[in-house]
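Enquirer: Got a structure for you, written out below as structure tokens; questions coming shortly.
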Amino acid sequence: MNSAKLIDIASALGISVTTVSKALKGYADVSETTRTKVLEMAKTMNYKPNANAVYLRTNETKTIGVIIPTMVHHFFSLVLNGILQEAENRGYLVIILQSNEKYEIEKKQLDLLIQKRVDGILISLTNETDDFTHINETIKNNTPVVLFDKIAKTVNCSKVIINDRKAAYDAVTFLIKKGYKKIAHFRGSYTPQNSIDRFLGYKKALEDNNIPYDPTLVYLCDNNSDLEDGYANAKKLVEDHNDVDAIFAITDLVAIGIIKYFNEKQIKIPKQIAVFGFSNWYMSTVISPTLTSIEQPGFDIGQRAASILIDEIGKTKAKQPVTHQIIEIPTFIIEREST
């Protein structure tokens with residue numbers, strides 16, 4: 001059955017279109033009897049509000065857009081769960097797009113969301129994003145934007161993050177207190193802020209414990225959600241430095257690639273070398289040995305980011321001042337067999 005219009009409901013009940021509209025919106029000047037009749041007729045006639053008409057009347061679509069770098073990472077699935085729950089609780093629809101860690105795709109997707117007239121946008125930047133013009137222009141045109149996880153410090157908007165530098169510092173300090181002295185770092189790409197901060201945390205922990213920083217112990221993982229990076233770099237590490245006794249990895253997937261290689265070569269973990277991951281992916285508990293990791297609370301990050309965005313949408317619509325926030329979600333170490 002085709003969706004009915006307000007005039008169809010009004011004709012069927014012999015009342016005005018205005019009364020039907022007020023009844024559907026719950027206005028107090030419509031009697032309970034009339035409201036009940038309207039709601040029942042709307043259901044019978046398969047009435048659905050016209051989204052375009054609602055937008056023209058209210059200047060909002062009750063829709064938010066989300067751009068994430070990848071769908072396969074367990075962390076982002078948790079983030080999306082948090083976003084979806086908060087959006088549903090507050091009456092918003094969510095459009096989810098994946099940039100595949102490509103800057104040009106991210107720009108196109110941002111344009112697409114604006115064309116769809118979303119009320120606000122949540123973004124975790126790609127590893128390639130080093131020009132933020134597209135985001136700044138979106139904010140300038142009064143579409144609220146909240147960055148999360150992979151952010152740009154120079155963009156003037158709210159952000160929901162963890163303290164990557166502190167989390168990495170705590171991880172490496174943990175290894176040092178366990179007695180490990182020659183610690184390698186499998187780092188992420190050079191552009192993302194979280195990759196930079198985890199590297200700086202690693203380096204500072206060494207310095208504060210009087211362990212000289214050795215740049216040859218830092219290996220680049222261009223795709224830091226790919227276990228193949230971990231596997232390939234573990235092979236290089238064994239060839240280059242057979243005396244390294246621990247590795248701090250940018251993500252759990254990289255760490256799992258490391259463990260896969262060591263298991264194949266019968267290199268004993270943690271007796272010969274320890275492995276420390278980041279994000280506490282569910283695979284960390286089923287791989288052998290189980291992986292010590294930093295708990296990165298993705299659900300909380302997603303829920304808080306969505307909450308802030310929806311609050312800012314409301315303030316922007318009401319022409320109220322918006323005070324941007326930087327929210328830092330706590331992390332902690334989960335110790336398992338790999339250390």
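Chain labels run A, B, ... following the order of the structure tokens; each chain numbers its residues from 1, and ligands are numbered from 1 in the order shown.
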With a distance cut-off of 9 Å and only C-alpha atoms, select the neighbouring residues of Leu84 (chain A), excluding the residue or stretch itself and same-chain residues fewer than 5 positions from it, and output the selection as a ChimeraX atom specification.

Expert: /A:79,89,92-94,302-303,306

Enquirer: Just asking: which residues within region 28-232 of chain A are alpha helix (DSSP H) according to DSSP, as number ranges by chain?

Expert: A: 32-44, 51-58, 74-89, 103-115, 133-140, 164-177, 193-208, 227-232

Enquirer: With the cut-off set at 12 Å and counting only C-alpha atoms, tabulate each residue of region 194-310 of chain A with an atom at most that distance from an atom of region 322-333 of chain A, showing the nearest atom pair and its distance in Å to one decimal, ordered by chain and increasing number, as CSV.

Expert:
```
residue,atom,partner,partner_atom,distance
A:Phe276,CA,A:Ile333,CA,9.8
A:Gly277,CA,A:Ile333,CA,9.8
A:Phe278,CA,A:Ile333,CA,9.1
A:Ser279,CA,A:Thr331,CA,9.1
A:Asn280,CA,A:Ile333,CA,9.0
A:Leu291,CA,A:Ile333,CA,11.0
A:Thr292,CA,A:Ile333,CA,7.5
A:Ser293,CA,A:Ile333,CA,6.0
A:Ile294,CA,A:Ile333,CA,4.7
A:Glu295,CA,A:Phe332,CA,5.4
A:Gln296,CA,A:Thr331,CA,5.7
A:Pro297,CA,A:Thr331,CA,7.0
A:Gly298,CA,A:Ile329,CA,9.3
A:Phe299,CA,A:Ile329,CA,10.5
A:Asp300,CA,A:Ile329,CA,7.5
A:Ile301,CA,A:Ile329,CA,6.8
A:Gly302,CA,A:Ile329,CA,10.6
A:Gln303,CA,A:Ile329,CA,11.2
A:Arg304,CA,A:Ile327,CA,8.3
A:Ala305,CA,A:Ile327,CA,8.6
A:Ser307,CA,A:Ile327,CA,11.6
A:Ile308,CA,A:Gln325,CA,8.4
A:Leu309,CA,A:His324,CA,10.1
A:Ile310,CA,A:Val322,CA,11.7
```

Enquirer: When you look at Ala12 (chain A) with a cut-off of 10 Å (counting only C-alpha atoms), what residues show up, excluding the ones that are within fewer than 5 positions of it in the same chain? I need them as a list of chain:residue names.

Expert: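 So, after excluding close chain neighbours, the residues are A:Ile7, A:Val38, A:Met41, A:Met45.
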
Enquirer: Tell me, as a list in words, which residues lie within 8 Å of Ala246 (chain A), counting only C-alpha atoms; anything in the same chain fewer than 5 positions away does not count.

Expert: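 With the cut-off at 8 Å, the set is Leu175, Tyr180, Lys181, Lys182, Ile183, Ala184, Ile273, Ala274, Val275 and Phe276 of chain A.
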
Enquirer: CA of Val172 (chain A) to CA of Gln266 (chain A): how many Å, to one decimal?

Expert: 24.4 Å

Enquirer: Looking only at strand (DSSP E) from DSSP on the backbone, list the matching residues of region 100-177 of chain A as a list in words.

Expert: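 Residues of region 100-177 of chain A classed as strand (DSSP E): Gly120, Ile121, Leu122, Ile123, Val145, Val146, Leu147, Phe148, Ser158, Lys159, Val160 and Ile161 of chain A.
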
Enquirer: Figure out the distance between CA of Gly230 (chain A) and CA of Phe148 (chain A), please, to one decimal in Å.

Expert: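 These two atoms are separated by 24.9 Å.
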
Enquirer: Tell me which of A:Glu32, A:Glu337, A:Asp226, A:Glu264 sits closest to Val72 (chain A), counting only C-alpha atoms.

Expert: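 Looking only at the distances to Val72 (chain A), the closest residue turns out to be A:Asp226.
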
Enquirer: Just want the 12 Å neighbourhood of Val30 (chain A), counted on only C-alpha atoms, with same-chain residues fewer than 4 positions away dropped. Output as a PyMOL selection string.

Expert: chain A and resi 15-16+18-26+34-38
